[in-house]
file run-v6.csv (CSV, C-alpha atoms)
chain,number,residue,atom,x,y,z
G,104,PRO,CA,-2.8,-7.9,17.0
G,105,TRP,CA,-3.2,-7.2,13.2
G,106,SER,CA,-0.7,-9.7,11.8
G,107,ASP,CA,-2.7,-13.0,12.2
G,108,GLU,CA,-4.6,-14.4,9.2
G,109,ALA,CA,-8.1,-13.6,10.5
G,110,SER,CA,-7.1,-10.0,11.2
G,111,LEU,CA,-5.6,-9.6,7.8
G,112,VAL,CA,-8.7,-11.0,6.1
G,113,ALA,CA,-10.9,-8.5,8.1
G,114,ILE,CA,-8.6,-5.6,7.2
G,115,ARG,CA,-8.8,-6.5,3.5
G,116,GLN,CA,-12.5,-5.6,3.7
G,117,ILE,CA,-11.6,-2.1,4.7
G,118,PHE,CA,-8.2,-1.3,3.0
G,119,GLU,CA,-7.1,-1.9,-0.5
G,120,THR,CA,-3.4,-2.3,-1.3
G,121,LEU,CA,-1.2,-1.1,-4.1
G,122,VAL,CA,-0.4,-4.6,-5.1
G,123,GLU,CA,-1.6,-8.1,-4.2
G,124,VAL,CA,0.0,-11.6,-4.2
G,125,ASP,CA,-1.8,-14.1,-6.4
G,126,PRO,CA,-2.3,-17.1,-4.1
G,127,ALA,CA,-2.1,-19.6,-7.0
G,128,THR,CA,1.2,-18.3,-8.4
G,129,SER,CA,2.7,-16.3,-5.5
G,130,LYS,CA,3.3,-13.5,-8.1
G,131,VAL,CA,2.7,-9.8,-7.3
G,132,THR,CA,-0.2,-8.5,-9.2
G,133,PRO,CA,-1.7,-5.0,-9.6
G,134,ALA,CA,-4.4,-3.7,-7.3
G,135,LEU,CA,-4.6,0.1,-6.7
G,136,ALA,CA,-1.3,0.4,-8.6
G,137,SER,CA,-1.6,-0.3,-12.3
G,138,SER,CA,2.2,-0.7,-12.6
G,139,TRP,CA,5.4,-0.1,-10.6
G,140,GLN,CA,9.1,0.1,-11.1
G,141,THR,CA,12.0,-0.6,-8.8
G,142,ALA,CA,15.2,1.4,-9.3
G,143,ASN,CA,18.6,-0.2,-9.6
G,144,ASP,CA,19.3,0.5,-5.9
G,145,GLY,CA,16.4,-1.8,-5.0
G,146,ALA,CA,15.3,0.7,-2.4
G,147,THR,CA,13.4,3.2,-4.6
G,148,TRP,CA,9.9,2.2,-5.9
G,149,THR,CA,7.7,4.2,-8.2
G,150,PHE,CA,4.0,3.3,-8.4
G,151,THR,CA,1.5,4.4,-11.1
G,152,LEU,CA,-2.0,4.5,-9.7
G,153,ARG,CA,-5.0,3.0,-11.4
G,154,GLU,CA,-7.2,5.7,-12.8
G,155,GLY,CA,-10.8,6.3,-11.7
G,156,VAL,CA,-10.5,4.9,-8.2
G,157,ARG,CA,-12.7,6.7,-5.6
G,158,PHE,CA,-12.9,6.6,-1.9
G,159,HIS,CA,-16.3,5.8,-0.2
G,160,ASP,CA,-17.0,9.6,0.0
G,161,GLY,CA,-16.5,10.0,-3.8
G,162,SER,CA,-13.1,11.7,-3.6
G,163,ALA,CA,-10.4,10.6,-6.0
G,164,LEU,CA,-7.5,8.4,-5.0
G,165,ASP,CA,-4.3,10.3,-5.7
G,166,ALA,CA,-0.6,10.1,-4.9
G,167,ALA,CA,-1.0,12.4,-1.9
G,168,ALA,CA,-3.6,10.1,-0.4
G,169,VAL,CA,-1.3,7.1,-0.8
G,170,ALA,CA,1.6,9.0,0.7
G,171,ALA,CA,-0.6,10.0,3.7
G,172,SER,CA,-1.5,6.4,4.2
G,173,PHE,CA,2.1,5.3,4.2
G,174,ASP,CA,3.0,8.2,6.6
G,175,ARG,CA,0.1,7.2,8.9
G,176,GLY,CA,1.3,3.6,8.8
G,177,ARG,CA,4.8,4.5,9.7
G,178,THR,CA,4.0,6.9,12.5
G,179,THR,CA,0.8,5.6,14.1
G,180,ARG,CA,1.4,2.7,16.5
G,181,ALA,CA,-1.9,1.0,15.8
G,182,TYR,CA,-1.0,0.6,12.1
G,183,ARG,CA,2.6,-0.4,12.3
G,184,ALA,CA,1.9,-4.1,12.3
G,185,LEU,CA,0.3,-3.7,8.8
G,186,PHE,CA,3.5,-2.2,7.4
G,187,GLY,CA,6.1,-4.7,8.6
G,188,ASP,CA,9.4,-2.9,9.0
G,189,ALA,CA,8.0,0.6,8.6
G,190,SER,CA,11.4,2.0,9.6
G,191,ALA,CA,12.8,0.7,6.3
G,192,VAL,CA,10.8,3.4,4.5
G,193,GLN,CA,13.2,6.4,4.5
G,194,SER,CA,11.0,8.9,2.6
G,195,ILE,CA,7.9,9.1,0.5
G,196,GLN,CA,7.8,11.5,-2.4
G,197,VAL,CA,4.7,12.5,-4.5
G,198,VAL,CA,5.5,13.1,-8.1
call {"tool": "encode", "arguments": {"input": "run-v6.csv", "output": "structure tokens"}}
result
Amino acid sequence: PWSDEASLVAIRQIFETLVEVDPATSKVTPALASSWQTANDGATWTFTLREGVRFHDGSALDAAAVAASFDRGRTTRAYRALFGDASAVQSIQVV
């Protein structure tokens, strides 16, 4: 139910992502992540978070919050459609 275009537009009003795709160029651009790296194995990704980002309640966005969001997406049925192949994520590590 969350994978059609209208649902994704609505979801973008609630959730912000680490990266976005520029519709004009199809290039991946920063969003909550200011930068990212992919290890040589192609399976390990490291994201650097944008500084100064706050949730609606004023609490700071940090790596633990991002990890919790990924875990929720992988383990909560209602969110799985947002994550594509959530089973491909083997582990999440906060550094």
call {"tool": "atom_distance", "arguments": {"input": "run-v6.csv", "atom1": "CA of Thr149 (chain G)", "atom2": "CA of Val124 (chain G)"}}
result
18.0 Å
call {"tool": "atom_distance", "arguments": {"input": "run-v6.csv", "atom1": "CA of Leu135 (chain G)", "atom2": "CA of Thr151 (chain G)"}}
result
8.7 Å
call {"tool": "atom_distance", "arguments": {"input": "run-v6.csv", "atom1": "CA of Ser190 (chain G)", "atom2": "CA of Ala146 (chain G)"}}
result
12.7 Å
call {"tool": "closest_residue", "arguments": {"input": "run-v6.csv", "among": "G:Ser138, G:Ile195, G:Leu111, G:Gln116", "to": "Ala171 (chain G)", "atoms": "all atoms listed in the file"}}
result
G:Ile195
call {"tool": "closest_residue", "arguments": {"input": "run-v6.csv", "among": "G:Val169, G:Gly155, G:Val192, G:Phe150", "to": "Phe118 (chain G)", "atoms": "all atoms listed in the file"}}
result
G:Val169
call {"tool": "closest_residue", "arguments": {"input": "run-v6.csv", "among": "G:Glu154, G:Val197, G:Ala191, G:Ala134", "to": "Ala168 (chain G)", "atoms": "all atoms listed in the file"}}
result
G:Val197
call {"tool": "closest_residue", "arguments": {"input": "run-v6.csv", "among": "G:Glu119, G:Asp144, G:Asp188, G:Asp125", "to": "Val156 (chain G)", "atoms": "all atoms listed in the file"}}
result
G:Glu119
call {"tool": "residues_near_point", "arguments": {"input": "run-v6.csv", "point": "(-5.0, -0.3, -8.9)", "cutoff": "6 Å", "atoms": "only C-alpha atoms", "output": "PyMOL selection string"}}
result
chain G and resi 133-137+152-153
call {"tool": "write_last_selection", "arguments": {"input": "run-v6.csv", "atoms": "C-alpha atoms", "output": "compact mmCIF listing (two decimals), in the coordinates of the input"}}
result
# COMPACT_ATOMS: atom_id res chain seq x y z
CA PRO G 133 -1.70 -5.00 -9.60
CA ALA G 134 -4.40 -3.70 -7.30
CA LEU G 135 -4.60 0.10 -6.70
CA ALA G 136 -1.30 0.40 -8.60
CA SER G 137 -1.60 -0.30 -12.30
CA LEU G 152 -2.00 4.50 -9.70
CA ARG G 153 -5.00 3.00 -11.40
call {"tool": "decode", "arguments": {"input": "run-v6.csv", "residues": "region 122-168 of chain G", "atoms": "N, CA and C atoms", "output": "mmCIF file, in the first residue's frame"}}
result
data_model
loop_
_atom_site.group_PDB
_atom_site.id
_atom_site.type_symbol
_atom_site.label_atom_id
_atom_site.label_comp_id
_atom_site.auth_asym_id
_atom_site.auth_seq_id
_atom_site.Cartn_x
_atom_site.Cartn_y
_atom_site.Cartn_z
ATOM 1 N N VAL G 122 19.330 10.261 1.727
ATOM 2 C CA VAL G 122 19.679 10.781 0.402
ATOM 3 C C VAL G 122 18.408 10.904 -0.427
ATOM 4 N N GLU G 123 18.504 11.641 -1.516
ATOM 5 C CA GLU G 123 17.393 11.808 -2.450
ATOM 6 C C GLU G 123 17.910 11.592 -3.864
ATOM 7 N N VAL G 124 17.000 11.416 -4.783
ATOM 8 C CA VAL G 124 17.358 11.327 -6.194
ATOM 9 C C VAL G 124 16.880 12.597 -6.871
ATOM 10 N N ASP G 125 17.799 13.319 -7.498
ATOM 11 C CA ASP G 125 17.458 14.531 -8.236
ATOM 12 C C ASP G 125 16.662 14.115 -9.471
ATOM 13 N N PRO G 126 15.398 14.553 -9.590
ATOM 14 C CA PRO G 126 14.585 14.110 -10.721
ATOM 15 C C PRO G 126 15.101 14.595 -12.075
ATOM 16 N N ALA G 127 15.837 15.684 -12.081
ATOM 17 C CA ALA G 127 16.352 16.220 -13.346
ATOM 18 C C ALA G 127 17.563 15.446 -13.860
ATOM 19 N N THR G 128 18.371 14.925 -12.920
ATOM 20 C CA THR G 128 19.623 14.272 -13.325
ATOM 21 C C THR G 128 19.689 12.788 -12.970
ATOM 22 N N SER G 129 18.767 12.334 -12.131
ATOM 23 C CA SER G 129 18.762 10.959 -11.601
ATOM 24 C C SER G 129 19.983 10.665 -10.740
ATOM 25 N N LYS G 130 20.669 11.710 -10.280
ATOM 26 C CA LYS G 130 21.824 11.526 -9.397
ATOM 27 C C LYS G 130 21.368 11.528 -7.942
ATOM 28 N N VAL G 131 22.058 10.745 -7.131
ATOM 29 C CA VAL G 131 21.787 10.705 -5.702
ATOM 30 C C VAL G 131 22.410 11.944 -5.070
ATOM 31 N N THR G 132 21.615 12.659 -4.273
ATOM 32 C CA THR G 132 22.070 13.898 -3.650
ATOM 33 C C THR G 132 21.864 13.826 -2.135
ATOM 34 N N PRO G 133 22.592 14.634 -1.373
ATOM 35 C CA PRO G 133 22.458 14.614 0.083
ATOM 36 C C PRO G 133 21.082 15.076 0.554
ATOM 37 N N ALA G 134 20.645 14.521 1.658
ATOM 38 C CA ALA G 134 19.446 14.981 2.350
ATOM 39 C C ALA G 134 19.823 15.051 3.836
ATOM 40 N N LEU G 135 19.419 14.088 4.643
ATOM 41 C CA LEU G 135 19.866 14.073 6.039
ATOM 42 C C LEU G 135 21.331 13.675 6.161
ATOM 43 N N ALA G 136 21.823 12.944 5.198
ATOM 44 C CA ALA G 136 23.253 12.607 5.152
ATOM 45 C C ALA G 136 23.972 13.689 4.361
ATOM 46 N N SER G 137 25.028 14.219 4.929
ATOM 47 C CA SER G 137 25.815 15.227 4.206
ATOM 48 C C SER G 137 26.800 14.563 3.250
ATOM 49 N N SER G 138 27.164 13.318 3.564
ATOM 50 C CA SER G 138 28.055 12.552 2.686
ATOM 51 C C SER G 138 27.900 11.076 3.023
ATOM 52 N N TRP G 139 28.433 10.231 2.150
ATOM 53 C CA TRP G 139 28.380 8.793 2.371
ATOM 54 C C TRP G 139 29.483 8.126 1.577
ATOM 55 N N GLN G 140 29.843 6.942 2.034
ATOM 56 C CA GLN G 140 30.874 6.150 1.364
ATOM 57 C C GLN G 140 30.386 4.714 1.259
ATOM 58 N N THR G 141 30.792 4.069 0.187
ATOM 59 C CA THR G 141 30.513 2.650 -0.002
ATOM 60 C C THR G 141 31.844 1.916 0.037
ATOM 61 N N ALA G 142 31.912 0.881 0.850
ATOM 62 C CA ALA G 142 33.144 0.084 0.936
ATOM 63 C C ALA G 142 33.335 -0.705 -0.351
ATOM 64 N N ASN G 143 34.538 -1.206 -0.537
ATOM 65 C CA ASN G 143 34.868 -1.980 -1.738
ATOM 66 C C ASN G 143 33.963 -3.188 -1.940
ATOM 67 N N ASP G 144 33.419 -3.734 -0.842
ATOM 68 C CA ASP G 144 32.546 -4.906 -0.979
ATOM 69 C C ASP G 144 31.175 -4.547 -1.547
ATOM 70 N N GLY G 145 30.860 -3.242 -1.617
ATOM 71 C CA GLY G 145 29.580 -2.793 -2.158
ATOM 72 C C GLY G 145 28.410 -3.027 -1.223
ATOM 73 N N ALA G 146 28.670 -3.637 -0.089
ATOM 74 C CA ALA G 146 27.602 -3.978 0.844
ATOM 75 C C ALA G 146 27.647 -3.154 2.123
ATOM 76 N N THR G 147 28.736 -2.436 2.345
ATOM 77 C CA THR G 147 28.906 -1.658 3.562
ATOM 78 C C THR G 147 28.850 -0.179 3.219
ATOM 79 N N TRP G 148 27.925 0.507 3.857
ATOM 80 C CA TRP G 148 27.732 1.941 3.603
ATOM 81 C C TRP G 148 27.955 2.704 4.901
ATOM 82 N N THR G 149 28.634 3.843 4.808
ATOM 83 C CA THR G 149 28.861 4.714 5.952
ATOM 84 C C THR G 149 28.305 6.087 5.613
ATOM 85 N N PHE G 150 27.385 6.566 6.448
ATOM 86 C CA PHE G 150 26.757 7.864 6.230
ATOM 87 C C PHE G 150 27.229 8.852 7.286
ATOM 88 N N THR G 151 27.536 10.073 6.872
ATOM 89 C CA THR G 151 27.806 11.174 7.789
ATOM 90 C C THR G 151 26.551 12.026 7.814
ATOM 91 N N LEU G 152 26.017 12.256 9.007
ATOM 92 C CA LEU G 152 24.760 12.990 9.127
ATOM 93 C C LEU G 152 24.977 14.493 9.097
ATOM 94 N N ARG G 153 24.022 15.174 8.519
ATOM 95 C CA ARG G 153 24.021 16.632 8.494
ATOM 96 C C ARG G 153 23.908 17.130 9.938
ATOM 97 N N GLU G 154 24.663 18.138 10.273
ATOM 98 C CA GLU G 154 24.640 18.680 11.636
ATOM 99 C C GLU G 154 23.462 19.628 11.826
ATOM 100 N N GLY G 155 22.992 19.711 13.063
ATOM 101 C CA GLY G 155 21.960 20.678 13.411
ATOM 102 C C GLY G 155 20.537 20.263 13.076
ATOM 103 N N VAL G 156 20.334 19.019 12.654
ATOM 104 C CA VAL G 156 18.982 18.556 12.319
ATOM 105 C C VAL G 156 18.257 18.178 13.605
ATOM 106 N N ARG G 157 17.013 18.619 13.714
ATOM 107 C CA ARG G 157 16.205 18.348 14.901
ATOM 108 C C ARG G 157 14.878 17.721 14.502
ATOM 109 N N PHE G 158 14.376 16.874 15.379
ATOM 110 C CA PHE G 158 13.044 16.317 15.210
ATOM 111 C C PHE G 158 12.007 17.363 15.617
ATOM 112 N N HIS G 159 10.740 17.076 15.356
ATOM 113 C CA HIS G 159 9.677 18.025 15.679
ATOM 114 C C HIS G 159 9.624 18.351 17.168
ATOM 115 N N ASP G 160 10.110 17.449 18.013
ATOM 116 C CA ASP G 160 10.093 17.691 19.457
ATOM 117 C C ASP G 160 11.345 18.412 19.955
ATOM 118 N N GLY G 161 12.241 18.757 19.034
ATOM 119 C CA GLY G 161 13.453 19.481 19.397
ATOM 120 C C GLY G 161 14.660 18.602 19.660
ATOM 121 N N SER G 162 14.468 17.292 19.743
ATOM 122 C CA SER G 162 15.616 16.411 19.979
ATOM 123 C C SER G 162 16.467 16.310 18.717
ATOM 124 N N ALA G 163 17.754 16.090 18.928
ATOM 125 C CA ALA G 163 18.706 16.067 17.816
ATOM 126 C C ALA G 163 18.655 14.742 17.064
ATOM 127 N N LEU G 164 18.802 14.834 15.755
ATOM 128 C CA LEU G 164 18.975 13.635 14.936
ATOM 129 C C LEU G 164 20.392 13.128 15.165
ATOM 130 N N ASP G 165 20.508 11.847 15.477
ATOM 131 C CA ASP G 165 21.831 11.252 15.640
ATOM 132 C C ASP G 165 21.834 9.852 15.023
ATOM 133 N N ALA G 166 22.993 9.227 15.042
ATOM 134 C CA ALA G 166 23.139 7.915 14.412
ATOM 135 C C ALA G 166 22.236 6.872 15.059
ATOM 136 N N ALA G 167 22.027 6.971 16.360
ATOM 137 C CA ALA G 167 21.156 6.008 17.040
ATOM 138 C C ALA G 167 19.720 6.115 16.527
ATOM 139 N N ALA G 168 19.261 7.323 16.262
ATOM 140 C CA ALA G 168 17.905 7.515 15.734
ATOM 141 C C ALA G 168 17.781 6.945 14.326
#
